[in-house]
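Visitor: Dumping the structure here so I can ask a few things about it.
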Amino acid sequence: MIKTNVTVWNEFRHEKNDPLVRSVYPEGIHAAIAAGIAADDLEIRLASLDEPDHGLPDAVIASTDVLIWWGHAVHHEVRDDIVAKLHRRVLEGMGLIVLHSGHFSKIFRAVTGTSCSLKWREAGEKERLWTVAPTHPITQGIGDYFELPHEEMYGERFDIPEDGKPIFLGWFEGGNVFRSGITFERGYGKVFYFQPGHESHPTYRDPNVLRVIGNAVRWAKPVFFRELGGVRYPALEELRSAAH
């Protein structure tokens, strides 16, 4: 079996500095995600902001098939040179899954080219996520909808490119709606944004959320990697009218 190499990246700051978050994710959000999606076909490593090179040295980037990204409070601390390398790797074929407040991350704004702004409200209200693309690989096993008892509200308008394809639509108890699961293709890479995952709620222990992330990893894994750049390409037929 050829395994998919998955890197789960997390700021890993809230868990160290906030007792409530630490009580929900004592080992870190990234560790909870890794444990929740663990399977025989996945080789999972963890990485976080305060490691050397943010846990993403060249060797890790080059060997990652799918990168899962959770960030929130310190997007500005992520080095621009590492973001540029990740962006290039996505264009070359690496899958990228961006979670919750990662919508404002440098890497998501790089692949979308937009502000990624939205409305938000932190009230711990119920969210119902409707499947609007029932044949998509990421939605398999979910059914018509699933509910989370407490989540941070993200609401429209979500400033993302028009080519994003919604596969989940979220409705919040307070009345707002949101494109809670959206796919993109960038270069040879596949990108998935998934909204649930506020740090003070045990969202990444919910079986439906974990199923979606696991499905997304398998959907986003590269078909191949191809370096960027113009390629001088020979003619397949005789050039009878070519100028000399």
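Just remember, in the structure tokens the first chain shown is A, the second B, etc., residues are 1-based per chain, and ligands are 1-based in the order shown.
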Could you give me, as a list in words, the residues within 8 Å of Ser117 (chain A), counting only C-alpha atoms and dropping anything in the same chain fewer than 3 positions from it?
Guide: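 Here the qualifying residues turn out to be His103, Phe104, Arg157, Phe158 and Asp159 of chain A.
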Visitor: Write out as a VMD selection string which residues come within 7 Å of Glu156 (chain A) when counting only C-alpha atoms, dropping same-chain ones fewer than 5 positions away.
Guide: chain A and resid 118 to 119 177 to 178
Visitor: Could you save those same residues with N, CA, C and O atoms as a tab-separated table (two decimals), in the first residue's frame?
Guide:
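Result saved to part.tsv:
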chain	number	residue	atom	x	y	z
A	118	LEU	N	-15.29	37.91	6.30
A	118	LEU	CA	-16.60	37.32	6.59
A	118	LEU	C	-17.19	37.98	7.82
A	118	LEU	O	-16.55	38.82	8.45
A	119	LYS	N	-18.41	37.62	8.16
A	119	LYS	CA	-19.02	38.02	9.43
A	119	LYS	C	-18.77	36.92	10.46
A	119	LYS	O	-18.66	35.75	10.11
A	177	VAL	N	-26.17	32.26	7.48
A	177	VAL	CA	-25.77	31.12	6.67
A	177	VAL	C	-24.35	31.36	6.17
A	177	VAL	O	-23.86	32.48	6.14
A	178	PHE	N	-23.71	30.26	5.75
A	178	PHE	CA	-22.30	30.35	5.34
A	178	PHE	C	-21.96	29.18	4.43
A	178	PHE	O	-22.45	28.06	4.64
Visitor: Can you pull out the residues contacting region 65-77 of chain A? Cut-off 7 Å, using only C-alpha atoms, and skip same-chain residues under 3 positions away; I want them as a ChimeraX atom specification.
Guide: /A:4-11,94-102,105-106,217,220-222
Visitor: Can you pull out the residues contacting Gly155 (chain A)? Cut-off 12 Å, using only C-alpha atoms, and skip same-chain residues under 3 positions away; I want them as a VMD selection string.
Guide: chain A and resid 116 to 122 127 152 158 to 159 169 to 180 195
Visitor: Once DSSP has gone over the backbone, tell me which residues of region 69-174 of chain A are in alpha helix (DSSP H), as JSON, numbers by chain.
Guide: {"A": [80, 81, 82, 83, 84, 85, 86, 87, 88, 89, 90, 91, 92, 106, 107, 108, 109, 110, 111, 112]}
Visitor: Please produce a file of those selected residues containing N, CA, C and O atoms, as an mmCIF file, in the first residue's frame.
Guide:
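Printed below is out_0.cif as written:
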data_model
loop_
_atom_site.group_PDB
_atom_site.id
_atom_site.type_symbol
_atom_site.label_atom_id
_atom_site.label_comp_id
_atom_site.auth_asym_id
_atom_site.auth_seq_id
_atom_site.Cartn_x
_atom_site.Cartn_y
_atom_site.Cartn_z
ATOM 1 N N ASP A 80 6.880 34.651 5.365
ATOM 2 C CA ASP A 80 6.441 34.775 3.981
ATOM 3 C C ASP A 80 7.166 33.813 3.055
ATOM 4 O O ASP A 80 6.584 33.318 2.084
ATOM 5 N N ASP A 81 8.437 33.535 3.337
ATOM 6 C CA ASP A 81 9.180 32.631 2.447
ATOM 7 C C ASP A 81 8.635 31.213 2.519
ATOM 8 O O ASP A 81 8.586 30.504 1.508
ATOM 9 N N ILE A 82 8.168 30.807 3.705
ATOM 10 C CA ILE A 82 7.581 29.472 3.834
ATOM 11 C C ILE A 82 6.222 29.427 3.150
ATOM 12 O O ILE A 82 5.881 28.443 2.467
ATOM 13 N N VAL A 83 5.448 30.493 3.283
ATOM 14 C CA VAL A 83 4.161 30.561 2.584
ATOM 15 C C VAL A 83 4.371 30.455 1.080
ATOM 16 O O VAL A 83 3.630 29.747 0.379
ATOM 17 N N ALA A 84 5.377 31.144 0.557
ATOM 18 C CA ALA A 84 5.652 31.094 -0.882
ATOM 19 C C ALA A 84 5.997 29.673 -1.323
ATOM 20 O O ALA A 84 5.561 29.218 -2.398
ATOM 21 N N LYS A 85 6.751 28.949 -0.509
ATOM 22 C CA LYS A 85 7.090 27.568 -0.843
ATOM 23 C C LYS A 85 5.846 26.676 -0.818
ATOM 24 O O LYS A 85 5.676 25.806 -1.683
ATOM 25 N N LEU A 86 4.984 26.880 0.188
ATOM 26 C CA LEU A 86 3.752 26.094 0.263
ATOM 27 C C LEU A 86 2.847 26.391 -0.925
ATOM 28 O O LEU A 86 2.250 25.468 -1.512
ATOM 29 N N HIS A 87 2.726 27.661 -1.285
ATOM 30 C CA HIS A 87 1.893 28.047 -2.417
ATOM 31 C C HIS A 87 2.388 27.366 -3.686
ATOM 32 O O HIS A 87 1.595 26.795 -4.452
ATOM 33 N N ARG A 88 3.685 27.420 -3.910
ATOM 34 C CA ARG A 88 4.249 26.779 -5.103
ATOM 35 C C ARG A 88 3.981 25.281 -5.093
ATOM 36 O O ARG A 88 3.630 24.685 -6.111
ATOM 37 N N ARG A 89 4.097 24.671 -3.904
ATOM 38 C CA ARG A 89 3.885 23.223 -3.812
ATOM 39 C C ARG A 89 2.436 22.850 -4.106
ATOM 40 O O ARG A 89 2.165 21.810 -4.714
ATOM 41 N N VAL A 90 1.481 23.709 -3.676
ATOM 42 C CA VAL A 90 0.081 23.472 -4.035
ATOM 43 C C VAL A 90 -0.080 23.517 -5.549
ATOM 44 O O VAL A 90 -0.727 22.645 -6.153
ATOM 45 N N LEU A 91 0.489 24.524 -6.182
ATOM 46 C CA LEU A 91 0.379 24.635 -7.636
ATOM 47 C C LEU A 91 1.007 23.439 -8.338
ATOM 48 O O LEU A 91 0.578 23.058 -9.431
ATOM 49 N N GLU A 92 1.995 22.832 -7.708
ATOM 50 C CA GLU A 92 2.656 21.664 -8.290
ATOM 51 C C GLU A 92 1.911 20.359 -8.013
ATOM 52 O O GLU A 92 2.250 19.329 -8.597
ATOM 53 N N LYS A 106 -2.168 33.259 5.669
ATOM 54 C CA LYS A 106 -1.448 33.741 4.487
ATOM 55 C C LYS A 106 -1.551 32.747 3.341
ATOM 56 O O LYS A 106 -1.681 33.145 2.178
ATOM 57 N N ILE A 107 -1.521 31.459 3.638
ATOM 58 C CA ILE A 107 -1.537 30.478 2.556
ATOM 59 C C ILE A 107 -2.907 30.442 1.884
ATOM 60 O O ILE A 107 -3.006 30.354 0.649
ATOM 61 N N PHE A 108 -4.006 30.571 2.650
ATOM 62 C CA PHE A 108 -5.326 30.551 2.008
ATOM 63 C C PHE A 108 -5.551 31.818 1.199
ATOM 64 O O PHE A 108 -6.104 31.775 0.098
ATOM 65 N N ARG A 109 -5.130 32.955 1.722
ATOM 66 C CA ARG A 109 -5.273 34.191 0.957
ATOM 67 C C ARG A 109 -4.397 34.171 -0.284
ATOM 68 O O ARG A 109 -4.749 34.765 -1.307
ATOM 69 N N ALA A 110 -3.264 33.451 -0.215
ATOM 70 C CA ALA A 110 -2.408 33.339 -1.400
ATOM 71 C C ALA A 110 -3.075 32.513 -2.490
ATOM 72 O O ALA A 110 -3.063 32.895 -3.664
ATOM 73 N N VAL A 111 -3.685 31.385 -2.122
ATOM 74 C CA VAL A 111 -4.273 30.533 -3.154
ATOM 75 C C VAL A 111 -5.603 31.075 -3.673
ATOM 76 O O VAL A 111 -6.006 30.745 -4.794
ATOM 77 N N THR A 112 -6.272 31.935 -2.878
ATOM 78 C CA THR A 112 -7.533 32.504 -3.346
ATOM 79 C C THR A 112 -7.340 33.859 -4.012
ATOM 80 O O THR A 112 -8.106 34.233 -4.903
#
Visitor: Do a neighbour search on region 210-212 of chain A at 8 Å with only C-alpha atoms, toss out local chain neighbours closer than 4 positions, and write the hits as an mmCIF file with N, CA and C atoms, in the first residue's frame.
Guide:
data_model
loop_
_atom_site.group_PDB
_atom_site.id
_atom_site.type_symbol
_atom_site.label_atom_id
_atom_site.label_comp_id
_atom_site.auth_asym_id
_atom_site.auth_seq_id
_atom_site.Cartn_x
_atom_site.Cartn_y
_atom_site.Cartn_z
ATOM 1 N N ILE A 33 -6.806 16.152 15.610
ATOM 2 C CA ILE A 33 -7.157 15.869 14.216
ATOM 3 C C ILE A 33 -6.422 14.624 13.732
ATOM 4 N N GLY A 36 -7.911 11.580 15.129
ATOM 5 C CA GLY A 36 -9.264 11.347 14.642
ATOM 6 C C GLY A 36 -9.346 10.843 13.225
ATOM 7 N N ILE A 37 -8.338 11.143 12.403
ATOM 8 C CA ILE A 37 -8.365 10.680 11.010
ATOM 9 C C ILE A 37 -7.391 9.539 10.760
ATOM 10 N N ILE A 138 -15.973 14.178 -0.796
ATOM 11 C CA ILE A 138 -15.801 14.678 0.565
ATOM 12 C C ILE A 138 -17.067 14.496 1.404
ATOM 13 N N THR A 139 -18.225 14.468 0.787
ATOM 14 C CA THR A 139 -19.483 14.387 1.543
ATOM 15 C C THR A 139 -19.954 12.956 1.785
ATOM 16 N N GLN A 140 -19.215 11.976 1.315
ATOM 17 C CA GLN A 140 -19.684 10.594 1.442
ATOM 18 C C GLN A 140 -19.745 10.158 2.909
ATOM 19 N N GLY A 141 -20.867 9.516 3.269
ATOM 20 C CA GLY A 141 -21.065 9.029 4.622
ATOM 21 C C GLY A 141 -21.670 10.048 5.575
ATOM 22 N N ILE A 142 -21.978 11.237 5.073
ATOM 23 C CA ILE A 142 -22.478 12.306 5.930
ATOM 24 C C ILE A 142 -24.005 12.356 5.967
ATOM 25 N N TYR A 204 -13.313 18.955 16.833
ATOM 26 C CA TYR A 204 -12.453 17.965 16.191
ATOM 27 C C TYR A 204 -12.475 16.610 16.888
ATOM 28 N N ARG A 205 -13.503 16.402 17.695
ATOM 29 C CA ARG A 205 -13.807 15.066 18.212
ATOM 30 C C ARG A 205 -15.145 14.569 17.656
ATOM 31 N N ASP A 206 -15.812 15.411 16.877
ATOM 32 C CA ASP A 206 -17.083 15.024 16.285
ATOM 33 C C ASP A 206 -16.843 14.059 15.126
ATOM 34 N N ALA A 216 -11.639 14.459 2.800
ATOM 35 C CA ALA A 216 -10.973 15.540 2.074
ATOM 36 C C ALA A 216 -9.510 15.206 1.805
#
